[in-house]
Amino acid sequence: MLRIERATRDAIVAHAKRDHPDEACGIVAGPAGSDRAERLVEMVNAAGSPTFYEFDSLDLLALYREMDDRDEEPVVVYHSHTATEAYPSRTDIGLASEPNAHYVLVSTREHGNNEGPVEFRSYRIVDGVVTEEPVEVVEHLPTNTAADAAAADETVESES
């Protein structure tokens with residue numbers, strides 16, 4: 001299941017609507033191994049296309065270096081579909097290279113960049129297999145992560 005803050009979800013949707021009729025794309029980074037979608041990074045669709053997205057290779061390299069420096073990883077890889085449903089295409093499946101990431105698709109086909117609802121769906125794509133997963137939109141991500149709990153356990157043990 002993808003758990004995502006409402007503000008992040010709304011920002012992804014706004015990006016998709018703003019870039020319509022071209023596909024929008026980006027990443028939401030989070031602490032490595034945490035599955036916490038914390039830092040939205042809107043990317044430029046280097047393809048500038050309504051039917052295809054491509055991260056600029058230099059921008060993507062810079063982002064991966066920055067994530068490495070911050071001990072982050074891509075938790076969400078997102079893009080929009082402007083004329084089709086929010087389901088990964090064969091090209092999307094072929095490009096999916098982050099087995100731990102949630103692949104979010106936003107379809108702006110119904111309302112474009114006007115007011116109105118969009119499809120917002122999340123998938124896991126591993127070895128070419130697409131599995132849709134539920135999306136839980138929360139006001140704030142919980143602060144009690146497994147890492148926080150492990151650190152708290154260590155503190156309690158060291159105080160004994």
# chains A, B, ... in the order shown; residues from 1 in each chain; ligands from 1
>>> residues_around(residues="segment 105-116 of chain A", least_positions_apart="4", cutoff="12 Å", atoms="only C-alpha atoms", output="PyMOL selection string")
chain A and resi 9-27+50-51+53+76-89+92-93+120-124+132-133+135
>>> select_by_dssp(residues="chain A", states="strand (DSSP E or B)", output="PyMOL selection string")
chain A and resi 2-5+25-31+39-43+45+55+72-81+102-107+119-126+129-133+135-138
>>> select_by_dssp(residues="segment 15-157 of chain A", states="helix (DSSP H, G or I)", output="PyMOL selection string")
chain A and resi 15-19+57-69+90-95+146-157
>>> residues_around(residues="Phe55 of chain A", least_positions_apart="5", cutoff="10 Å", atoms="only C-alpha atoms", output="PyMOL selection string")
chain A and resi 24-26+43-47+60-61
>>> closest_residue(among="A:Asp35, A:Glu98, A:Glu72, A:Asp59", to="Val126 of chain A", atoms="only C-alpha atoms")
A:Glu98
>>> closest_residue(among="A:Arg70, A:Ser49, A:Pro134, A:Leu141", to="Met1 of chain A", atoms="only C-alpha atoms")
A:Pro134
>>> closest_residue(among="A:Pro74, A:Gly48, A:Pro99, A:Pro31", to="Val129 of chain A", atoms="only C-alpha atoms")
A:Pro99
>>> atom_distance(atom1="atom CA of Glu38 of chain A", atom2="atom CA of Thr8 of chain A")
8.0 Å
